[in-house]
Structures are given as structure tokens and as C-alpha cells.
file work-v5.cif (mmCIF, C-alpha atoms)
data_work
#
loop_
_atom_site.label_atom_id
_atom_site.label_comp_id
_atom_site.auth_asym_id
_atom_site.auth_seq_id
_atom_site.Cartn_x
_atom_site.Cartn_y
_atom_site.Cartn_z
CA MET A 80 -19.01 -124.72 -66.72
CA ASP A 81 -15.65 -124.14 -65.07
CA LYS A 82 -16.78 -124.78 -61.51
CA LYS A 83 -16.26 -127.43 -58.88
CA ILE A 84 -19.61 -128.79 -57.80
CA GLY A 85 -20.14 -130.69 -54.57
CA PHE A 86 -23.09 -132.66 -53.24
CA ILE A 87 -23.36 -133.37 -49.55
CA GLY A 88 -25.75 -136.30 -49.77
CA CYS A 89 -26.09 -138.33 -52.93
CA GLY A 90 -29.44 -140.07 -52.82
CA GLN A 91 -32.03 -140.24 -55.57
CA MET A 92 -32.29 -136.48 -56.11
CA GLY A 93 -28.55 -135.85 -56.00
CA GLN A 94 -27.96 -138.67 -58.46
CA ALA A 95 -30.67 -137.33 -60.77
CA MET A 96 -29.01 -133.92 -60.83
CA ILE A 97 -25.55 -135.37 -61.41
CA GLN A 98 -26.84 -137.55 -64.24
CA GLY A 99 -28.56 -134.54 -65.81
CA MET A 100 -25.44 -132.37 -65.72
CA ILE A 101 -23.26 -135.10 -67.21
CA ASP A 102 -25.80 -136.06 -69.89
CA ALA A 103 -26.20 -132.40 -70.91
CA LYS A 104 -22.41 -132.08 -71.06
CA LEU A 105 -22.63 -129.13 -68.68
CA MET A 106 -20.06 -130.63 -66.35
CA LYS A 107 -17.31 -133.21 -66.61
CA ALA A 108 -17.45 -135.99 -64.06
CA GLU A 109 -14.06 -135.01 -62.67
CA ASN A 110 -15.45 -131.59 -61.66
CA ILE A 111 -18.24 -133.12 -59.58
CA ALA A 112 -17.74 -134.61 -56.12
CA ALA A 113 -20.10 -135.90 -53.46
CA THR A 114 -20.36 -137.43 -50.03
CA ALA A 115 -22.59 -140.19 -48.68
CA LEU A 116 -22.91 -142.10 -45.44
CA SER A 117 -23.11 -145.68 -46.65
CA ASP A 118 -20.32 -147.60 -48.38
CA GLU A 119 -22.97 -149.08 -50.65
CA THR A 120 -23.98 -145.65 -51.98
CA ILE A 121 -20.35 -144.57 -52.31
CA ASP A 122 -19.48 -147.64 -54.36
CA PHE A 123 -22.59 -147.36 -56.55
CA VAL A 124 -22.21 -143.64 -57.32
CA SER A 125 -18.51 -144.00 -58.06
CA ASP A 126 -19.14 -146.85 -60.50
CA GLU A 127 -22.27 -145.36 -62.07
CA TYR A 128 -21.22 -141.73 -62.59
CA GLY A 129 -17.42 -141.76 -62.37
CA ILE A 130 -17.30 -138.92 -59.84
CA HIS A 131 -15.21 -138.70 -56.69
CA ILE A 132 -17.32 -139.60 -53.64
CA SER A 133 -16.34 -140.09 -50.01
CA ASN A 134 -17.70 -139.52 -46.50
CA ASP A 135 -15.63 -136.37 -45.85
CA ASN A 136 -18.10 -133.46 -45.72
CA LYS A 137 -15.50 -130.96 -44.50
CA GLN A 138 -13.13 -131.50 -47.41
CA LEU A 139 -15.99 -131.30 -49.89
CA ALA A 140 -17.18 -128.04 -48.34
CA ARG A 141 -13.69 -126.52 -48.63
CA GLU A 142 -13.25 -127.46 -52.28
CA SER A 143 -16.67 -126.70 -53.85
CA ASP A 144 -17.62 -123.55 -55.75
CA LEU A 145 -21.27 -124.67 -55.76
CA LEU A 146 -22.24 -126.75 -52.74
CA PHE A 147 -25.54 -128.62 -52.89
CA LEU A 148 -27.01 -129.78 -49.58
CA ALA A 149 -28.96 -132.77 -50.91
CA ILE A 150 -29.92 -134.11 -47.50
CA LYS A 151 -33.09 -134.65 -45.48
CA PRO A 152 -34.46 -131.60 -43.61
CA TYR A 153 -34.00 -133.14 -40.17
CA ILE A 154 -30.20 -133.47 -40.55
CA TYR A 155 -29.54 -130.00 -41.99
CA HIS A 156 -28.58 -128.47 -38.65
CA GLY A 157 -26.09 -131.21 -37.81
CA VAL A 158 -24.41 -131.11 -41.23
CA ILE A 159 -24.13 -127.32 -41.19
CA GLN A 160 -22.57 -127.42 -37.72
CA GLU A 161 -19.99 -129.81 -39.16
CA ILE A 162 -19.08 -127.73 -42.22
CA LYS A 163 -19.85 -124.12 -41.30
CA ASP A 164 -16.22 -123.19 -40.61
CA GLU A 165 -15.02 -124.92 -43.80
CA VAL A 166 -17.18 -123.17 -46.40
CA PRO A 167 -15.31 -120.31 -48.15
CA PRO A 168 -17.08 -116.91 -48.30
CA ASP A 169 -17.54 -117.07 -52.10
CA THR A 170 -19.07 -120.56 -52.15
CA VAL A 171 -22.70 -120.67 -53.28
CA ILE A 172 -24.77 -123.01 -51.12
CA VAL A 173 -27.87 -124.56 -52.69
CA THR A 174 -30.39 -126.19 -50.39
CA ILE A 175 -32.67 -128.99 -51.59
CA ALA A 176 -35.32 -129.54 -48.94
CA ALA A 177 -38.83 -128.48 -48.05
CA GLY A 178 -39.20 -126.09 -45.17
CA ILE A 179 -35.58 -124.94 -44.81
CA THR A 180 -35.70 -121.14 -45.05
CA LEU A 181 -32.95 -118.75 -46.10
CA ASP A 182 -32.95 -117.21 -42.62
CA ALA A 183 -32.61 -120.65 -41.03
CA ILE A 184 -29.53 -121.37 -43.13
CA LYS A 185 -27.96 -118.01 -42.23
CA GLU A 186 -28.69 -118.60 -38.53
CA ALA A 187 -27.20 -122.10 -38.66
CA PHE A 188 -23.97 -120.80 -40.25
CA GLY A 189 -23.84 -117.88 -37.86
CA ARG A 190 -22.76 -115.48 -40.63
CA ASN A 191 -23.77 -114.13 -43.99
CA VAL A 192 -23.55 -116.83 -46.65
CA LYS A 193 -24.54 -117.06 -50.29
CA VAL A 194 -27.61 -119.30 -50.38
CA ILE A 195 -30.11 -120.38 -53.01
CA ARG A 196 -33.13 -122.29 -51.78
CA SER A 197 -34.32 -124.83 -54.34
CA MET A 198 -36.94 -127.49 -54.84
CA PRO A 199 -36.38 -129.85 -57.80
CA ASN A 200 -38.45 -132.98 -58.40
CA THR A 201 -37.68 -136.59 -59.25
CA PRO A 202 -38.45 -136.41 -63.02
CA SER A 203 -35.07 -134.66 -63.15
CA LEU A 204 -33.74 -138.22 -63.42
CA VAL A 205 -35.04 -138.40 -67.01
CA GLY A 206 -34.29 -134.79 -67.95
CA ALA A 207 -37.87 -133.66 -67.34
CA GLY A 208 -37.51 -132.00 -63.95
CA MET A 209 -39.27 -128.89 -62.70
CA SER A 210 -37.15 -126.89 -60.26
CA VAL A 211 -38.02 -123.72 -58.36
CA LEU A 212 -35.30 -121.44 -56.96
CA CYS A 213 -35.14 -118.55 -54.50
CA PRO A 214 -31.81 -116.72 -53.92
CA ASN A 215 -30.87 -114.62 -50.92
CA ASP A 216 -29.59 -111.06 -51.21
CA PHE A 217 -25.91 -112.06 -51.36
CA ILE A 218 -26.22 -114.00 -54.63
CA THR A 219 -25.03 -112.11 -57.71
CA GLU A 220 -26.79 -112.27 -61.07
CA GLU A 221 -23.88 -114.26 -62.50
CA GLU A 222 -24.01 -116.79 -59.66
CA LEU A 223 -27.77 -117.18 -60.06
CA ALA A 224 -27.32 -117.68 -63.81
CA ASP A 225 -24.76 -120.43 -63.15
CA VAL A 226 -27.10 -122.27 -60.78
CA MET A 227 -30.04 -121.85 -63.15
CA GLU A 228 -27.90 -123.42 -65.88
CA VAL A 229 -27.30 -126.43 -63.63
CA PHE A 230 -31.00 -126.93 -62.99
CA LYS A 231 -31.94 -126.38 -66.62
CA SER A 232 -29.56 -129.16 -67.62
CA PHE A 233 -32.14 -131.66 -66.34
CA GLY A 234 -35.44 -129.86 -66.97
CA GLU A 235 -37.07 -126.48 -66.46
CA ALA A 236 -36.35 -123.94 -63.73
CA GLU A 237 -38.15 -120.86 -62.39
CA ILE A 238 -37.27 -118.20 -59.81
CA ILE A 239 -39.93 -117.21 -57.26
CA GLU A 240 -40.25 -115.21 -54.04
CA GLU A 241 -39.51 -117.13 -50.86
CA LYS A 242 -43.03 -116.55 -49.50
CA LEU A 243 -44.28 -118.92 -52.24
CA MET A 244 -41.80 -121.72 -51.52
CA ASP A 245 -44.08 -123.58 -49.10
CA ALA A 246 -46.52 -124.13 -51.97
CA VAL A 247 -43.86 -125.62 -54.27
CA PRO A 248 -43.88 -129.19 -52.88
CA ALA A 249 -47.57 -129.50 -53.70
CA ILE A 250 -47.44 -128.20 -57.27
CA SER A 251 -44.16 -129.78 -58.41
CA GLY A 252 -42.27 -131.65 -55.71
CA SER A 253 -44.99 -134.01 -54.49
CA SER A 254 -47.34 -133.85 -57.47
CA PRO A 255 -45.49 -136.50 -59.51
CA ALA A 256 -46.61 -139.01 -56.86
CA PHE A 257 -50.23 -138.00 -57.48
CA VAL A 258 -49.74 -138.40 -61.23
CA TYR A 259 -48.17 -141.84 -60.74
CA MET A 260 -51.26 -142.88 -58.77
CA PHE A 261 -53.47 -141.62 -61.62
CA ILE A 262 -51.46 -143.58 -64.20
CA GLU A 263 -51.51 -146.68 -62.02
CA ALA A 264 -55.27 -146.49 -61.59
CA MET A 265 -55.80 -146.11 -65.35
CA ALA A 266 -53.45 -149.01 -66.07
CA ASP A 267 -55.09 -151.23 -63.45
CA THR A 268 -58.46 -150.64 -65.09
CA ALA A 269 -57.01 -151.44 -68.50
CA VAL A 270 -55.56 -154.69 -67.11
CA GLN A 271 -58.96 -155.53 -65.65
CA GLN A 272 -60.38 -155.10 -69.14
CA GLY A 273 -57.79 -157.42 -70.70
CA PHE A 274 -54.72 -155.31 -71.52
CA PRO A 275 -51.23 -156.68 -70.80
CA ARG A 276 -49.80 -154.62 -67.93
CA ASP A 277 -46.73 -153.35 -69.83
CA LYS A 278 -48.90 -152.03 -72.65
CA ALA A 279 -51.36 -150.52 -70.17
CA TYR A 280 -48.58 -148.54 -68.44
CA LYS A 281 -47.13 -147.41 -71.77
CA ILE A 282 -50.44 -146.21 -73.16
CA ALA A 283 -51.56 -144.51 -69.93
CA SER A 284 -48.23 -142.75 -69.32
CA GLN A 285 -47.99 -141.53 -72.92
CA ALA A 286 -51.53 -140.16 -72.72
CA VAL A 287 -50.62 -138.20 -69.57
CA GLN A 288 -47.37 -136.97 -71.11
CA GLY A 289 -49.16 -135.88 -74.26
CA ALA A 290 -51.87 -134.04 -72.33
CA ALA A 291 -49.25 -132.18 -70.28
CA LYS A 292 -47.40 -131.24 -73.46
CA MET A 293 -50.61 -129.89 -74.99
CA VAL A 294 -51.13 -127.57 -71.99
CA LYS A 295 -47.52 -126.42 -71.99
CA GLU A 296 -47.00 -125.89 -75.72
CA THR A 297 -50.38 -124.60 -76.87
CA GLY A 298 -50.89 -122.15 -74.02
CA ARG A 299 -54.59 -123.00 -74.05
CA HIS A 300 -56.57 -123.26 -70.84
CA PRO A 301 -56.76 -126.85 -69.54
CA GLY A 302 -60.55 -126.55 -69.40
CA GLU A 303 -60.65 -125.58 -73.07
CA LEU A 304 -58.51 -128.58 -74.00
CA LYS A 305 -60.75 -130.83 -71.90
CA ASP A 306 -63.85 -129.48 -73.68
CA ALA A 307 -62.26 -130.23 -77.05
CA VAL A 308 -62.12 -133.93 -76.14
CA CYS A 309 -65.69 -134.07 -74.82
CA THR A 310 -67.99 -134.66 -77.78
CA PRO A 311 -71.72 -134.32 -76.98
CA GLY A 312 -73.12 -137.56 -75.61
CA GLY A 313 -69.73 -139.24 -75.94
CA VAL A 314 -67.61 -141.50 -73.78
CA THR A 315 -65.28 -138.75 -72.49
CA ILE A 316 -68.01 -136.55 -71.03
CA ALA A 317 -69.43 -139.64 -69.33
CA GLY A 318 -66.09 -140.21 -67.63
CA VAL A 319 -65.64 -136.52 -66.78
CA THR A 320 -69.10 -136.46 -65.20
CA GLU A 321 -68.23 -139.46 -63.03
CA LEU A 322 -64.96 -137.82 -61.93
CA GLU A 323 -66.90 -134.72 -60.90
CA HIS A 324 -69.39 -136.85 -58.96
CA SER A 325 -66.55 -138.63 -57.14
CA GLY A 326 -64.87 -135.35 -56.14
CA MET A 327 -61.65 -135.62 -58.13
CA ARG A 328 -60.96 -131.87 -58.10
CA SER A 329 -61.72 -131.61 -54.39
CA SER A 330 -59.42 -134.54 -53.59
CA ILE A 331 -56.54 -132.98 -55.53
CA ILE A 332 -57.04 -129.62 -53.84
CA GLN A 333 -57.11 -131.26 -50.41
CA ALA A 334 -53.95 -133.26 -51.15
CA MET A 335 -52.08 -130.14 -52.27
CA GLU A 336 -53.29 -128.19 -49.24
CA ALA A 337 -52.03 -131.01 -47.00
CA CYS A 338 -48.59 -130.80 -48.67
CA THR A 339 -48.44 -127.04 -48.18
CA LYS A 340 -49.52 -127.33 -44.55
CA LYS A 341 -46.77 -129.86 -43.87
CA SER A 342 -44.19 -127.69 -45.64
CA LYS A 343 -45.15 -124.73 -43.44
CA GLU A 344 -44.83 -126.91 -40.35
CA LEU A 345 -41.32 -127.89 -41.40
CA SER A 346 -40.45 -124.22 -41.93
CA LYS A 347 -41.47 -123.54 -38.33
CA GLY A 348 -39.56 -126.56 -37.05
CA GLU A 349 -42.73 -128.35 -35.92
#
call {"tool": "encode", "arguments": {"input": "work-v5.cif", "output": "C-alpha cells"}}
result
Amino acid sequence: MDKKIGFIGCGQMGQAMIQGMIDAKLMKAENIAATALSDETIDFVSDEYGIHISNDNKQLARESDLLFLAIKPYIYHGVIQEIKDEVPPDTVIVTIAAGITLDAIKEAFGRNVKVIRSMPNTPSLVGAGMSVLCPNDFITEEELADVMEVFKSFGEAEIIEEKLMDAVPAISGSSPAFVYMFIEAMADTAVQQGFPRDKAYKIASQAVQGAAKMVKETGRHPGELKDAVCTPGGVTIAGVTELEHSGMRSSIIQAMEACTKKSKELSKGE
């Protein structure tokens, strides 16, 4: 891709995206630049990825064709006030934060800007990310295709309507944390029963990865796949029954609803 890509903010998510683009050979390191606040992050990112990184947000904003705002929601307004007069009209701005709406970005810049709202997740670090994008009306098809190519370099990407964005953290952004808890619980039980911890984590994580791949690649309903594992009177149905008794489904639903509620609060500035 013959573009200059900039990241304002280069924490875990920004680094995951940069690593994905470089690994996929989508971008050369010399065409990627970033900014960070701490000297420690600047030194690490420079050494690890070979990109140019500094603390000059204004210069980065002037020089980027695609500008990713990879910063926390609570500092968006301050950063935009700093760079709003530096961003060229043709620059595509990509936000990476829950609760920051397209209208909020336009209002902060005080003019029409090209914006794509996005929500990637941390498995992007290993090329298995799930990203959801929502462009505003000023983004062309070609520009959207370019940004989709960036996100697909480190996983899968889908375009949705903005009214659905508040539900994205629950289903893809935050959900890896829930899955990690599930894997940890399975591994802890295996350790209790005598497994070495490294083998317990490997076996549990591969089982989860395999189950997810079955759902994705077969197209079969998760309930159908679950039934196929549950032989009559067997060990699996005994475990499934206990999970139903303990309210596993209800707990997951409540956790996802809590994520969505918080995302909506952030959208309203609460």
C-alpha cells in the first residue's frame, strides 16, 4: 500500500496493528510512524518495529494519509484540539475507542472530516483479530477498501451501521477477556487434577480454538455442534447440565449487557 500511516498513541493495540501490517507485508516500516508520551514506549517501539516514533502529534497529523487515533477515550478531545488545524482535508482518520461517535469527532474538529470508527481487539497481536468498522458519509469506497485492507492484515474485518457499535465491545472487544477466564478456569481444574500448568494451558486453549474454528468453518449452529459432543449418559452432558444449573448462559449475557451499557454511557459522555 502506497500510503503514509500514522498512529497517535502506540500502546498494545497500536503495536498489534503495526505488527500485523508489517508481518503481512502490507506496509514497509518506513511508511509507518507513531507518537507516544513516554520515552520508554518510544524507545521500545523504535527498536521492536523499526518505525519512526516521536512525541510530535502535530507533525504526524500533517504527514499521514491514514491517521489512527489509538488513544484512550478520555483524552480524545484534548488530542483533537491539538491536531485539528494540522490534519489535511484528504486525510482519513480512524478512531479506535469505545463510545466515540462519528458526530463527536466532527464536532471536535469543527469541520467535515473523513472518519472511520473502528473497534479491533487484542488477538490482532497474533493475526487473529476481529475488527468492526463504520465509515462516515465523506469516506469513498476506495478509502474504505484501503482501511479494510489494513485491518484484514491482522485478522477479520466487518462493516456495520453505527447504531450497532455500542454492542461491539461486548461481542468482540471485551469478549476475549471472558474467554481467557474460561481457559484459566479449565486449566486451574486440570492442574488440581495433576496436570502440569503449561500443558493444561496448551490443551485448554487449543480446545477453545478448535471449537471456535468448528463454528466458523462448518457454518453449523453452535447448539448442534454441542449436541454432537454430548453422547447419552456421557461425561459431556453431565458437565453441560452443571453449567446450566450454575447459570453460565445468564452470566455471559449479563456480562455482555454490562459492556454495552458502559459503551453507551461513554457515547453520551457520562
call {"tool": "residues_around", "arguments": {"input": "work-v5.cif", "residues": "segment 302-309 of chain A", "least_positions_apart": "4", "cutoff": "9 Å", "atoms": "all atoms listed in the file", "output": "ChimeraX atom specification"}}
result
/A:290,293-294,313-317,319
call {"tool": "resolve_selection", "arguments": {"input": "work-v5.cif", "expression": "the PyMOL selection byres ((chain A and resi 252-259) around 12)", "output": "MDAnalysis selection string"}}
result
chainID A and resid 92 175:177 197:203 207:211 244:251 260:267 280 283:284 286:288 291 327 330:339 341:342
call {"tool": "write_last_selection", "arguments": {"input": "work-v5.cif", "atoms": "C-alpha atoms", "output": "PDB file, in the frame of the given file"}}
result
ATOM      1  CA  MET A  92     -32.290-136.480 -56.110  1.00  0.00           C
ATOM      2  CA  ILE A 175     -32.670-128.990 -51.590  1.00  0.00           C
ATOM      3  CA  ALA A 176     -35.320-129.540 -48.940  1.00  0.00           C
ATOM      4  CA  ALA A 177     -38.830-128.480 -48.050  1.00  0.00           C
ATOM      5  CA  SER A 197     -34.320-124.830 -54.340  1.00  0.00           C
ATOM      6  CA  MET A 198     -36.940-127.490 -54.840  1.00  0.00           C
ATOM      7  CA  PRO A 199     -36.380-129.850 -57.800  1.00  0.00           C
ATOM      8  CA  ASN A 200     -38.450-132.980 -58.400  1.00  0.00           C
ATOM      9  CA  THR A 201     -37.680-136.590 -59.250  1.00  0.00           C
ATOM     10  CA  PRO A 202     -38.450-136.410 -63.020  1.00  0.00           C
ATOM     11  CA  SER A 203     -35.070-134.660 -63.150  1.00  0.00           C
ATOM     12  CA  ALA A 207     -37.870-133.660 -67.340  1.00  0.00           C
ATOM     13  CA  GLY A 208     -37.510-132.000 -63.950  1.00  0.00           C
ATOM     14  CA  MET A 209     -39.270-128.890 -62.700  1.00  0.00           C
ATOM     15  CA  SER A 210     -37.150-126.890 -60.260  1.00  0.00           C
ATOM     16  CA  VAL A 211     -38.020-123.720 -58.360  1.00  0.00           C
ATOM     17  CA  MET A 244     -41.800-121.720 -51.520  1.00  0.00           C
ATOM     18  CA  ASP A 245     -44.080-123.580 -49.100  1.00  0.00           C
ATOM     19  CA  ALA A 246     -46.520-124.130 -51.970  1.00  0.00           C
ATOM     20  CA  VAL A 247     -43.860-125.620 -54.270  1.00  0.00           C
ATOM     21  CA  PRO A 248     -43.880-129.190 -52.880  1.00  0.00           C
ATOM     22  CA  ALA A 249     -47.570-129.500 -53.700  1.00  0.00           C
ATOM     23  CA  ILE A 250     -47.440-128.200 -57.270  1.00  0.00           C
ATOM     24  CA  SER A 251     -44.160-129.780 -58.410  1.00  0.00           C
ATOM     25  CA  MET A 260     -51.260-142.880 -58.770  1.00  0.00           C
ATOM     26  CA  PHE A 261     -53.470-141.620 -61.620  1.00  0.00           C
ATOM     27  CA  ILE A 262     -51.460-143.580 -64.200  1.00  0.00           C
ATOM     28  CA  GLU A 263     -51.510-146.680 -62.020  1.00  0.00           C
ATOM     29  CA  ALA A 264     -55.270-146.490 -61.590  1.00  0.00           C
ATOM     30  CA  MET A 265     -55.800-146.110 -65.350  1.00  0.00           C
ATOM     31  CA  ALA A 266     -53.450-149.010 -66.070  1.00  0.00           C
ATOM     32  CA  ASP A 267     -55.090-151.230 -63.450  1.00  0.00           C
ATOM     33  CA  TYR A 280     -48.580-148.540 -68.440  1.00  0.00           C
ATOM     34  CA  ALA A 283     -51.560-144.510 -69.930  1.00  0.00           C
ATOM     35  CA  SER A 284     -48.230-142.750 -69.320  1.00  0.00           C
ATOM     36  CA  ALA A 286     -51.530-140.160 -72.720  1.00  0.00           C
ATOM     37  CA  VAL A 287     -50.620-138.200 -69.570  1.00  0.00           C
ATOM     38  CA  GLN A 288     -47.370-136.970 -71.110  1.00  0.00           C
ATOM     39  CA  ALA A 291     -49.250-132.180 -70.280  1.00  0.00           C
ATOM     40  CA  MET A 327     -61.650-135.620 -58.130  1.00  0.00           C
ATOM     41  CA  SER A 330     -59.420-134.540 -53.590  1.00  0.00           C
ATOM     42  CA  ILE A 331     -56.540-132.980 -55.530  1.00  0.00           C
ATOM     43  CA  ILE A 332     -57.040-129.620 -53.840  1.00  0.00           C
ATOM     44  CA  GLN A 333     -57.110-131.260 -50.410  1.00  0.00           C
ATOM     45  CA  ALA A 334     -53.950-133.260 -51.150  1.00  0.00           C
ATOM     46  CA  MET A 335     -52.080-130.140 -52.270  1.00  0.00           C
ATOM     47  CA  GLU A 336     -53.290-128.190 -49.240  1.00  0.00           C
ATOM     48  CA  ALA A 337     -52.030-131.010 -47.000  1.00  0.00           C
ATOM     49  CA  CYS A 338     -48.590-130.800 -48.670  1.00  0.00           C
ATOM     50  CA  THR A 339     -48.440-127.040 -48.180  1.00  0.00           C
ATOM     51  CA  LYS A 341     -46.770-129.860 -43.870  1.00  0.00           C
ATOM     52  CA  SER A 342     -44.190-127.690 -45.640  1.00  0.00           C
TER      53      SER A 342
END
call {"tool": "residues_around", "arguments": {"input": "work-v5.cif", "residues": "Tyr128 of chain A", "least_positions_apart": "6", "cutoff": "9 Å", "atoms": "all atoms listed in the file", "output": "ChimeraX atom specification"}}
result
/A:94,97-98,101,108
call {"tool": "write_last_selection", "arguments": {"input": "work-v5.cif", "atoms": "C-alpha atoms", "output": "PDB file, in the frame of the given file"}}
result
ATOM      1  CA  GLN A  94     -27.960-138.670 -58.460  1.00  0.00           C
ATOM      2  CA  ILE A  97     -25.550-135.370 -61.410  1.00  0.00           C
ATOM      3  CA  GLN A  98     -26.840-137.550 -64.240  1.00  0.00           C
ATOM      4  CA  ILE A 101     -23.260-135.100 -67.210  1.00  0.00           C
ATOM      5  CA  ALA A 108     -17.450-135.990 -64.060  1.00  0.00           C
TER       6      ALA A 108
END
call {"tool": "resolve_selection", "arguments": {"input": "work-v5.cif", "expression": "the PyMOL selection byres ((chain A and resi 140-149) around 7)", "output": "PyMOL selection string"}}
result
chain A and resi 82-89+93+136-139+150+162+165-167+170-175
call {"tool": "atom_distance", "arguments": {"input": "work-v5.cif", "atom1": "atom CA of Pro311 of chain A", "atom2": "atom CA of Gly273 of chain A"}}
result
27.7 Å
call {"tool": "atom_distance", "arguments": {"input": "work-v5.cif", "atom1": "atom CA of Ala103 of chain A", "atom2": "atom CA of Phe233 of chain A"}}
result
7.5 Å
call {"tool": "atom_distance", "arguments": {"input": "work-v5.cif", "atom1": "atom CA of Ile184 of chain A", "atom2": "atom CA of Ile130 of chain A"}}
result
27.1 Å
call {"tool": "decode", "arguments": {"input": "work-v5.cif", "residues": "segment 243-269 of chain A", "atoms": "N, CA and C atoms", "output": "PDB file, in the first residue's frame"}}
result
ATOM      1  N   LEU A 243     -25.086   0.028  15.810  1.00  0.00           N
ATOM      2  CA  LEU A 243     -24.710  -1.249  16.411  1.00  0.00           C
ATOM      3  C   LEU A 243     -23.358  -1.193  17.108  1.00  0.00           C
ATOM      4  N   MET A 244     -22.646  -0.073  16.999  1.00  0.00           N
ATOM      5  CA  MET A 244     -21.277  -0.018  17.507  1.00  0.00           C
ATOM      6  C   MET A 244     -21.179  -0.183  19.016  1.00  0.00           C
ATOM      7  N   ASP A 245     -22.201   0.265  19.759  1.00  0.00           N
ATOM      8  CA  ASP A 245     -22.135   0.129  21.210  1.00  0.00           C
ATOM      9  C   ASP A 245     -22.173  -1.331  21.664  1.00  0.00           C
ATOM     10  N   ALA A 246     -22.642  -2.225  20.789  1.00  0.00           N
ATOM     11  CA  ALA A 246     -22.684  -3.642  21.136  1.00  0.00           C
ATOM     12  C   ALA A 246     -21.386  -4.364  20.784  1.00  0.00           C
ATOM     13  N   VAL A 247     -20.510  -3.699  20.031  1.00  0.00           N
ATOM     14  CA  VAL A 247     -19.277  -4.346  19.565  1.00  0.00           C
ATOM     15  C   VAL A 247     -18.310  -4.699  20.693  1.00  0.00           C
ATOM     16  N   PRO A 248     -18.086  -3.800  21.686  1.00  0.00           N
ATOM     17  CA  PRO A 248     -17.161  -4.189  22.754  1.00  0.00           C
ATOM     18  C   PRO A 248     -17.523  -5.511  23.406  1.00  0.00           C
ATOM     19  N   ALA A 249     -18.809  -5.748  23.609  1.00  0.00           N
ATOM     20  CA  ALA A 249     -19.231  -6.984  24.274  1.00  0.00           C
ATOM     21  C   ALA A 249     -18.924  -8.220  23.436  1.00  0.00           C
ATOM     22  N   ILE A 250     -19.245  -8.163  22.140  1.00  0.00           N
ATOM     23  CA  ILE A 250     -19.145  -9.377  21.328  1.00  0.00           C
ATOM     24  C   ILE A 250     -17.736  -9.645  20.813  1.00  0.00           C
ATOM     25  N   SER A 251     -16.900  -8.585  20.678  1.00  0.00           N
ATOM     26  CA  SER A 251     -15.551  -8.854  20.171  1.00  0.00           C
ATOM     27  C   SER A 251     -14.451  -8.127  20.928  1.00  0.00           C
ATOM     28  N   GLY A 252     -14.713  -6.903  21.387  1.00  0.00           N
ATOM     29  CA  GLY A 252     -13.655  -6.151  22.044  1.00  0.00           C
ATOM     30  C   GLY A 252     -13.324  -6.669  23.428  1.00  0.00           C
ATOM     31  N   SER A 253     -14.349  -6.864  24.249  1.00  0.00           N
ATOM     32  CA  SER A 253     -14.160  -7.333  25.625  1.00  0.00           C
ATOM     33  C   SER A 253     -14.210  -8.845  25.754  1.00  0.00           C
ATOM     34  N   SER A 254     -14.874  -9.511  24.833  1.00  0.00           N
ATOM     35  CA  SER A 254     -15.107 -10.951  24.972  1.00  0.00           C
ATOM     36  C   SER A 254     -13.843 -11.797  25.080  1.00  0.00           C
ATOM     37  N   PRO A 255     -12.702 -11.399  24.459  1.00  0.00           N
ATOM     38  CA  PRO A 255     -11.504 -12.207  24.711  1.00  0.00           C
ATOM     39  C   PRO A 255     -11.169 -12.344  26.193  1.00  0.00           C
ATOM     40  N   ALA A 256     -11.449 -11.309  26.985  1.00  0.00           N
ATOM     41  CA  ALA A 256     -11.187 -11.399  28.424  1.00  0.00           C
ATOM     42  C   ALA A 256     -12.044 -12.490  29.065  1.00  0.00           C
ATOM     43  N   PHE A 257     -13.295 -12.610  28.590  1.00  0.00           N
ATOM     44  CA  PHE A 257     -14.172 -13.650  29.136  1.00  0.00           C
ATOM     45  C   PHE A 257     -13.642 -15.034  28.757  1.00  0.00           C
ATOM     46  N   VAL A 258     -13.161 -15.153  27.520  1.00  0.00           N
ATOM     47  CA  VAL A 258     -12.623 -16.431  27.061  1.00  0.00           C
ATOM     48  C   VAL A 258     -11.352 -16.789  27.825  1.00  0.00           C
ATOM     49  N   TYR A 259     -10.504 -15.792  28.109  1.00  0.00           N
ATOM     50  CA  TYR A 259      -9.297 -16.057  28.893  1.00  0.00           C
ATOM     51  C   TYR A 259      -9.657 -16.584  30.282  1.00  0.00           C
ATOM     52  N   MET A 260     -10.709 -16.032  30.873  1.00  0.00           N
ATOM     53  CA  MET A 260     -11.158 -16.503  32.185  1.00  0.00           C
ATOM     54  C   MET A 260     -11.628 -17.951  32.101  1.00  0.00           C
ATOM     55  N   PHE A 261     -12.317 -18.297  31.002  1.00  0.00           N
ATOM     56  CA  PHE A 261     -12.803 -19.660  30.796  1.00  0.00           C
ATOM     57  C   PHE A 261     -11.627 -20.625  30.666  1.00  0.00           C
ATOM     58  N   ILE A 262     -10.634 -20.235  29.867  1.00  0.00           N
ATOM     59  CA  ILE A 262      -9.445 -21.074  29.690  1.00  0.00           C
ATOM     60  C   ILE A 262      -8.705 -21.228  31.010  1.00  0.00           C
ATOM     61  N   GLU A 263      -8.575 -20.133  31.745  1.00  0.00           N
ATOM     62  CA  GLU A 263      -7.876 -20.184  33.026  1.00  0.00           C
ATOM     63  C   GLU A 263      -8.574 -21.120  34.004  1.00  0.00           C
ATOM     64  N   ALA A 264      -9.898 -21.047  34.043  1.00  0.00           N
ATOM     65  CA  ALA A 264     -10.656 -21.913  34.948  1.00  0.00           C
ATOM     66  C   ALA A 264     -10.485 -23.383  34.576  1.00  0.00           C
ATOM     67  N   MET A 265     -10.529 -23.684  33.273  1.00  0.00           N
ATOM     68  CA  MET A 265     -10.331 -25.067  32.833  1.00  0.00           C
ATOM     69  C   MET A 265      -8.930 -25.554  33.191  1.00  0.00           C
ATOM     70  N   ALA A 266      -7.937 -24.687  32.959  1.00  0.00           N
ATOM     71  CA  ALA A 266      -6.554 -25.064  33.244  1.00  0.00           C
ATOM     72  C   ALA A 266      -6.337 -25.251  34.739  1.00  0.00           C
ATOM     73  N   ASP A 267      -6.915 -24.369  35.550  1.00  0.00           N
ATOM     74  CA  ASP A 267      -6.780 -24.498  37.004  1.00  0.00           C
ATOM     75  C   ASP A 267      -7.328 -25.835  37.485  1.00  0.00           C
ATOM     76  N   THR A 268      -8.460 -26.237  36.923  1.00  0.00           N
ATOM     77  CA  THR A 268      -9.045 -27.521  37.305  1.00  0.00           C
ATOM     78  C   THR A 268      -8.147 -28.673  36.878  1.00  0.00           C
ATOM     79  N   ALA A 269      -7.565 -28.563  35.684  1.00  0.00           N
ATOM     80  CA  ALA A 269      -6.655 -29.610  35.223  1.00  0.00           C
ATOM     81  C   ALA A 269      -5.429 -29.703  36.130  1.00  0.00           C
TER      82      ALA A 269
END
